[in-house]
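File shown: start-v3.cif (mmCIF, C-alpha atoms).
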data_final
#
loop_
_atom_site.group_PDB
_atom_site.id
_atom_site.type_symbol
_atom_site.label_atom_id
_atom_site.label_comp_id
_atom_site.auth_asym_id
_atom_site.auth_seq_id
_atom_site.Cartn_x
_atom_site.Cartn_y
_atom_site.Cartn_z
ATOM 1 C CA MET Q 216 -21.878 11.413 9.281
ATOM 2 C CA LEU Q 217 -19.845 12.252 6.208
ATOM 3 C CA TRP Q 218 -19.863 15.920 5.180
ATOM 4 C CA PHE Q 219 -19.715 16.486 1.438
ATOM 5 C CA GLU Q 220 -19.856 19.773 -0.414
ATOM 6 C CA ASN Q 221 -22.553 18.518 -2.792
ATOM 7 C CA GLN Q 222 -21.673 14.901 -3.665
ATOM 8 C CA ALA Q 223 -23.555 13.011 -0.913
ATOM 9 C CA GLU Q 224 -25.834 11.171 -3.326
ATOM 10 C CA ASP Q 225 -23.065 10.331 -5.811
ATOM 11 C CA ALA Q 226 -20.751 9.157 -3.030
ATOM 12 C CA SER Q 227 -23.453 7.004 -1.443
ATOM 13 C CA LYS Q 228 -24.205 5.310 -4.761
ATOM 14 C CA PHE Q 229 -20.477 4.821 -5.412
ATOM 15 C CA TYR Q 230 -19.982 3.108 -2.045
ATOM 16 C CA LEU Q 231 -23.096 0.962 -2.557
ATOM 17 C CA SER Q 232 -21.606 -0.287 -5.834
ATOM 18 C CA ILE Q 233 -18.513 -1.546 -3.965
ATOM 19 C CA PHE Q 234 -19.812 -3.116 -0.759
ATOM 20 C CA PRO Q 235 -22.124 -6.156 -0.662
ATOM 21 C CA ASN Q 236 -25.426 -6.108 1.219
ATOM 22 C CA SER Q 237 -25.725 -2.343 0.918
ATOM 23 C CA LYS Q 238 -28.663 -0.013 0.412
ATOM 24 C CA ILE Q 239 -29.946 3.543 0.700
ATOM 25 C CA THR Q 240 -32.387 3.697 3.610
ATOM 26 C CA ASN Q 241 -33.554 7.331 3.433
ATOM 27 C CA THR Q 242 -33.056 10.498 1.415
ATOM 28 C CA VAL Q 243 -33.973 13.996 2.605
ATOM 29 C CA TYR Q 244 -34.047 17.038 0.314
ATOM 30 C CA TYR Q 245 -33.478 20.720 1.041
ATOM 31 C CA ASP Q 246 -36.816 22.440 1.486
ATOM 32 C CA LYS Q 247 -37.154 26.148 0.749
ATOM 33 C CA ALA Q 248 -36.472 27.420 4.282
ATOM 34 C CA VAL Q 249 -33.431 25.219 4.940
ATOM 35 C CA ALA Q 250 -32.051 25.837 1.448
ATOM 36 C CA GLU Q 251 -32.244 29.607 1.911
ATOM 37 C CA ALA Q 252 -30.591 29.439 5.352
ATOM 38 C CA ALA Q 253 -27.800 27.174 4.091
ATOM 39 C CA GLY Q 254 -27.298 28.865 0.736
ATOM 40 C CA MET Q 255 -28.077 25.645 -1.111
ATOM 41 C CA PRO Q 256 -30.556 25.023 -3.937
ATOM 42 C CA GLU Q 257 -34.076 24.010 -2.967
ATOM 43 C CA GLY Q 258 -34.763 20.367 -3.886
ATOM 44 C CA MET Q 259 -31.102 19.334 -3.709
ATOM 45 C CA VAL Q 260 -30.283 16.248 -1.637
ATOM 46 C CA LEU Q 261 -29.566 17.253 1.966
ATOM 47 C CA ILE Q 262 -28.998 13.846 3.609
ATOM 48 C CA VAL Q 263 -28.607 10.283 2.391
ATOM 49 C CA ASP Q 264 -28.795 7.520 4.994
ATOM 50 C CA PHE Q 265 -27.259 4.297 3.750
ATOM 51 C CA GLU Q 266 -25.848 0.967 4.846
ATOM 52 C CA LEU Q 267 -22.608 -0.600 3.675
ATOM 53 C CA ASP Q 268 -22.648 -4.316 4.399
ATOM 54 C CA GLY Q 269 -24.998 -3.654 7.309
ATOM 55 C CA LYS Q 270 -23.075 -0.688 8.796
ATOM 56 C CA GLN Q 271 -24.995 2.596 8.921
ATOM 57 C CA PHE Q 272 -23.712 5.868 7.479
ATOM 58 C CA THR Q 273 -25.164 9.288 6.764
ATOM 59 C CA ALA Q 274 -23.916 11.553 3.983
ATOM 60 C CA LEU Q 275 -24.680 15.278 4.172
ATOM 61 C CA ASN Q 276 -24.465 17.911 1.468
ATOM 62 C CA GLY Q 277 -23.316 20.694 3.768
ATOM 63 C CA GLY Q 278 -21.326 22.983 1.500
ATOM 64 C CA PRO Q 279 -17.609 23.683 1.103
ATOM 65 C CA GLN Q 280 -16.746 24.599 4.708
ATOM 66 C CA PHE Q 281 -15.222 21.252 5.735
ATOM 67 C CA LYS Q 282 -13.004 18.749 3.927
ATOM 68 C CA PHE Q 283 -11.933 15.198 4.701
ATOM 69 C CA SER Q 284 -8.420 14.616 6.039
ATOM 70 C CA GLU Q 285 -6.226 11.603 6.732
ATOM 71 C CA ALA Q 286 -6.874 12.108 10.464
ATOM 72 C CA ILE Q 287 -9.971 9.935 9.962
ATOM 73 C CA SER Q 288 -10.123 6.802 7.843
ATOM 74 C CA PHE Q 289 -12.360 3.773 7.536
ATOM 75 C CA VAL Q 290 -10.691 0.373 7.850
ATOM 76 C CA ILE Q 291 -11.781 -2.562 5.727
ATOM 77 C CA HIS Q 292 -10.537 -5.891 7.114
ATOM 78 C CA VAL Q 293 -10.322 -8.502 4.366
ATOM 79 C CA ALA Q 294 -9.867 -12.276 4.333
ATOM 80 C CA ASP Q 295 -7.616 -12.643 1.287
ATOM 81 C CA GLN Q 296 -5.813 -10.903 -1.559
ATOM 82 C CA GLY Q 297 -8.788 -11.168 -3.907
ATOM 83 C CA GLU Q 298 -11.001 -9.272 -1.485
ATOM 84 C CA LEU Q 299 -8.222 -6.743 -0.799
ATOM 85 C CA ASP Q 300 -7.749 -6.150 -4.529
ATOM 86 C CA HIS Q 301 -11.515 -5.685 -5.022
ATOM 87 C CA TYR Q 302 -11.816 -2.893 -2.454
ATOM 88 C CA TRP Q 303 -8.483 -1.292 -3.318
ATOM 89 C CA ASN Q 304 -9.156 -1.186 -7.052
ATOM 90 C CA ALA Q 305 -12.743 0.029 -6.662
ATOM 91 C CA LEU Q 306 -11.920 2.758 -4.143
ATOM 92 C CA THR Q 307 -8.916 4.091 -6.094
ATOM 93 C CA ALA Q 308 -10.811 4.086 -9.427
ATOM 94 C CA ASP Q 309 -11.780 7.276 -11.229
ATOM 95 C CA GLY Q 310 -9.481 9.661 -9.395
ATOM 96 C CA GLY Q 311 -8.746 7.918 -6.102
ATOM 97 C CA GLU Q 312 -5.189 8.109 -4.778
ATOM 98 C CA GLU Q 313 -2.931 5.421 -3.388
ATOM 99 C CA SER Q 314 -0.961 6.138 -0.242
ATOM 100 C CA TYR Q 315 1.305 3.895 1.844
ATOM 101 C CA CYS Q 316 0.753 0.859 4.084
ATOM 102 C CA GLY Q 317 -2.713 0.071 2.769
ATOM 103 C CA TRP Q 318 -4.074 3.625 2.936
ATOM 104 C CA LEU Q 319 -5.869 5.324 0.056
ATOM 105 C CA LYS Q 320 -8.189 8.214 -0.690
ATOM 106 C CA ASP Q 321 -11.265 7.634 -2.814
ATOM 107 C CA LYS Q 322 -12.346 10.040 -5.534
ATOM 108 C CA PHE Q 323 -14.300 12.063 -2.954
ATOM 109 C CA GLY Q 324 -11.219 12.531 -0.734
ATOM 110 C CA LEU Q 325 -12.307 10.096 1.992
ATOM 111 C CA SER Q 326 -9.461 8.001 3.452
ATOM 112 C CA TRP Q 327 -9.665 4.225 3.761
ATOM 113 C CA GLN Q 328 -7.333 1.468 4.902
ATOM 114 C CA VAL Q 329 -7.655 -1.916 3.213
ATOM 115 C CA VAL Q 330 -5.843 -4.473 5.348
ATOM 116 C CA PRO Q 331 -5.823 -8.226 5.885
ATOM 117 C CA SER Q 332 -7.707 -9.361 8.989
ATOM 118 C CA ARG Q 333 -4.470 -11.102 10.017
ATOM 119 C CA LEU Q 334 -2.323 -7.950 9.787
ATOM 120 C CA GLY Q 335 -1.552 -7.829 13.526
ATOM 121 C CA GLU Q 336 -0.608 -11.500 13.546
ATOM 122 C CA LEU Q 337 1.596 -11.122 10.452
ATOM 123 C CA MET Q 338 3.302 -8.037 11.867
ATOM 124 C CA ALA Q 339 3.999 -9.757 15.207
ATOM 125 C CA ALA Q 340 5.345 -12.913 13.539
ATOM 126 C CA GLY Q 341 7.478 -11.021 11.038
ATOM 127 C CA GLY Q 342 8.867 -8.437 13.455
ATOM 128 C CA GLY Q 343 11.013 -5.754 11.895
ATOM 129 C CA ALA Q 344 11.070 -7.496 8.528
ATOM 130 C CA ALA Q 345 7.266 -7.339 8.303
ATOM 131 C CA SER Q 346 7.262 -3.680 9.296
ATOM 132 C CA GLN Q 347 9.895 -2.924 6.700
ATOM 133 C CA ALA Q 348 7.962 -4.821 4.026
ATOM 134 C CA LEU Q 349 4.715 -3.034 4.926
ATOM 135 C CA MET Q 350 6.362 0.402 4.840
ATOM 136 C CA GLY Q 351 7.439 -0.222 1.236
ATOM 137 C CA MET Q 352 3.921 -1.115 0.060
ATOM 138 C CA ARG Q 353 1.077 0.995 -1.177
ATOM 139 C CA LYS Q 354 -1.545 -1.709 -1.734
ATOM 140 C CA ILE Q 355 -0.748 -4.508 0.700
ATOM 141 C CA VAL Q 356 0.425 -7.761 -0.844
ATOM 142 C CA ILE Q 357 -0.454 -10.401 1.714
ATOM 143 C CA ALA Q 358 1.941 -13.006 0.279
ATOM 144 C CA ASP Q 359 4.870 -10.608 0.742
ATOM 145 C CA LEU Q 360 3.990 -10.173 4.426
ATOM 146 C CA GLU Q 361 3.522 -13.936 4.836
ATOM 147 C CA ALA Q 362 6.963 -14.504 3.288
ATOM 148 C CA VAL Q 363 8.684 -12.600 6.115
ATOM 149 C CA ALA Q 364 6.466 -13.971 8.897
ATOM 150 C CA PRO Q 365 7.880 -17.331 10.053
#
If you convert what's in this file into structure tokens, what do you get?
Amino acid sequence: MLWFENQAEDASKFYLSIFPNSKITNTVYYDKAVAEAAGMPEGMVLIVDFELDGKQFTALNGGPQFKFSEAISFVIHVADQGELDHYWNALTADGGEESYCGWLKDKFGLSWQVVPSRLGELMAAGGGAASQALMGMRKIVIADLEAVAP
């Protein structure tokens, strides 16, 4: 469940545009009684159920009470640099923010990590040099980690 102020539908569509094999499975709208109780407009989207590459999510337009934080992030394990670049570039587009070590925030403030599936292996093989290389990266460059992993 992802709590949005009022961007549940926009966020769902944004994520669907990035991930393959994705779809909206259900949309529920505020009816009069729930809208009045929640202080939201009648007819506005309340919930969007969707799948991203087969994984189920629900987005809720719940109002401004709660915000995303870096304490929670979704991890995307990728096979190669091309796939990493795809997710990184798409999720940081239009107001997203880069962070360090493969972390980013999308334009809705949700945190993601885009990492190679082999990250643990590369970190173990490269020891301190791999850790040092990773700490200096925003978007991970797999070849740079491979260069320090014997």
Please enumerate the residues selected by the PyMOL selection byres ((chain Q and resi 224) around 9) when evaluated against the supplied file, formatted as a compact mmCIF listing (two decimals) with C-alpha atoms, in the coordinates of the input.
# COMPACT_ATOMS: atom_id res chain seq x y z
CA ASN Q 221 -22.55 18.52 -2.79
CA GLN Q 222 -21.67 14.90 -3.66
CA ALA Q 223 -23.56 13.01 -0.91
CA ASP Q 225 -23.06 10.33 -5.81
CA ALA Q 226 -20.75 9.16 -3.03
CA SER Q 227 -23.45 7.00 -1.44
CA LYS Q 228 -24.20 5.31 -4.76
CA PHE Q 229 -20.48 4.82 -5.41
CA THR Q 242 -33.06 10.50 1.42
CA VAL Q 260 -30.28 16.25 -1.64
CA LEU Q 261 -29.57 17.25 1.97
CA ILE Q 262 -29.00 13.85 3.61
CA VAL Q 263 -28.61 10.28 2.39
CA ALA Q 274 -23.92 11.55 3.98
CA LEU Q 275 -24.68 15.28 4.17
CA ASN Q 276 -24.46 17.91 1.47
Given the choices Q:Asp321, Q:Glu220, Q:Glu313, Q:Glu336, which gets closest to Q:Met255 if the distance is worked out from all atoms listed in the file?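 Smallest distance to Q:Met255 is found for Q:Glu220.
Residues having any atom no farther than 10 Å from (0.0, 5.7, 8.6) (counting all atoms listed in the file) are Glu285, Ala286, Ser314, Tyr315, Cys316, Gly317, Trp318, Gln328 and Met350 of chain Q.
Considering the residues Q:Gln271, Q:Gln296, Q:Asn236, Q:Asn241 and counting only C-alpha atoms, Q:Lys354 has its shortest atom-to-atom contact with Q:Gln296.
For the choices Q:Gly254, Q:Pro279, Q:Gly311, Q:Pro331, the atom-to-atom distance to Q:Ile291 is smallest for Q:Pro331 when using only C-alpha atoms.
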Rank nothing, just name the residue among Q:Ala362, Q:Ile239, Q:Ile357, Q:Ala345 nearest to Q:Leu299, using all atoms listed in the file.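 The closest residue to Q:Leu299 is Q:Ile357.
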Can you work out the spacing between atom CA of Q:Trp327 and atom CA of Q:Val290 in Å, to one decimal?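 According to the coordinates, atom CA of Q:Trp327 and atom CA of Q:Val290 are separated by 5.7 Å.
Comparing the minimum interatomic distances between Q:Lys270 and each of Q:Leu231, Q:Ala253, Q:Val363, Q:Ala340, counting all atoms listed in the file, we find that Q:Leu231 sits nearest.
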Contacts of Q:Ser284 at 9 Å or less, counting only C-alpha atoms, minus same-chain residues fewer than 3 places along, as a CSV table (one decimal) with C-alpha atoms, in the coordinates of the input?
chain,number,residue,atom,x,y,z
Q,287,ILE,CA,-10.0,9.9,10.0
Q,288,SER,CA,-10.1,6.8,7.8
Q,324,GLY,CA,-11.2,12.5,-0.7
Q,325,LEU,CA,-12.3,10.1,2.0
Q,326,SER,CA,-9.5,8.0,3.5
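In this comparison, which uses all atoms listed in the file, the residue of Q:Ala358, Q:Ala308, Q:Met338, Q:Met216 approaching Q:Asp295 most closely is Q:Ala358.
Separating atom CA of Q:Gly343 from atom CA of Q:Leu360 is a distance of 11.2 Å.
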Give me, please, the distance in Å between atom CA of Q:Leu217 and atom CA of Q:Gly278, quoted to one decimal.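 It comes out at 11.8 Å.
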Run the PyMOL selection byres ((chain Q and resi 301) around 12) mentally over the shown coordinates, then write out the matched residues as a PDB file with C-alpha atoms, in the frame of the given file, using the chain letters and numbers from the document.
ATOM      1  CA  SER Q 232     -21.606  -0.287  -5.834  1.00  0.00           C
ATOM      2  CA  ILE Q 233     -18.513  -1.546  -3.965  1.00  0.00           C
ATOM      3  CA  PHE Q 234     -19.812  -3.116  -0.759  1.00  0.00           C
ATOM      4  CA  PRO Q 235     -22.124  -6.156  -0.662  1.00  0.00           C
ATOM      5  CA  ILE Q 291     -11.781  -2.562   5.727  1.00  0.00           C
ATOM      6  CA  VAL Q 293     -10.322  -8.502   4.366  1.00  0.00           C
ATOM      7  CA  ALA Q 294      -9.867 -12.276   4.333  1.00  0.00           C
ATOM      8  CA  ASP Q 295      -7.616 -12.643   1.287  1.00  0.00           C
ATOM      9  CA  GLN Q 296      -5.813 -10.903  -1.559  1.00  0.00           C
ATOM     10  CA  GLY Q 297      -8.788 -11.168  -3.907  1.00  0.00           C
ATOM     11  CA  GLU Q 298     -11.001  -9.272  -1.485  1.00  0.00           C
ATOM     12  CA  LEU Q 299      -8.222  -6.743  -0.799  1.00  0.00           C
ATOM     13  CA  ASP Q 300      -7.749  -6.150  -4.529  1.00  0.00           C
ATOM     14  CA  TYR Q 302     -11.816  -2.893  -2.454  1.00  0.00           C
ATOM     15  CA  TRP Q 303      -8.483  -1.292  -3.318  1.00  0.00           C
ATOM     16  CA  ASN Q 304      -9.156  -1.186  -7.052  1.00  0.00           C
ATOM     17  CA  ALA Q 305     -12.743   0.029  -6.662  1.00  0.00           C
ATOM     18  CA  LEU Q 306     -11.920   2.758  -4.143  1.00  0.00           C
ATOM     19  CA  THR Q 307      -8.916   4.091  -6.094  1.00  0.00           C
ATOM     20  CA  ALA Q 308     -10.811   4.086  -9.427  1.00  0.00           C
ATOM     21  CA  VAL Q 329      -7.655  -1.916   3.213  1.00  0.00           C
ATOM     22  CA  VAL Q 330      -5.843  -4.473   5.348  1.00  0.00           C
ATOM     23  CA  LYS Q 354      -1.545  -1.709  -1.734  1.00  0.00           C
TER      24      LYS Q 354
END
Show me, as a ChimeraX atom specification, the residues that have an atom within 10 Å of Q:Ala250 when counting all atoms listed in the file, minus same-chain residues fewer than 6 positions from it. /Q:244,256-259,261
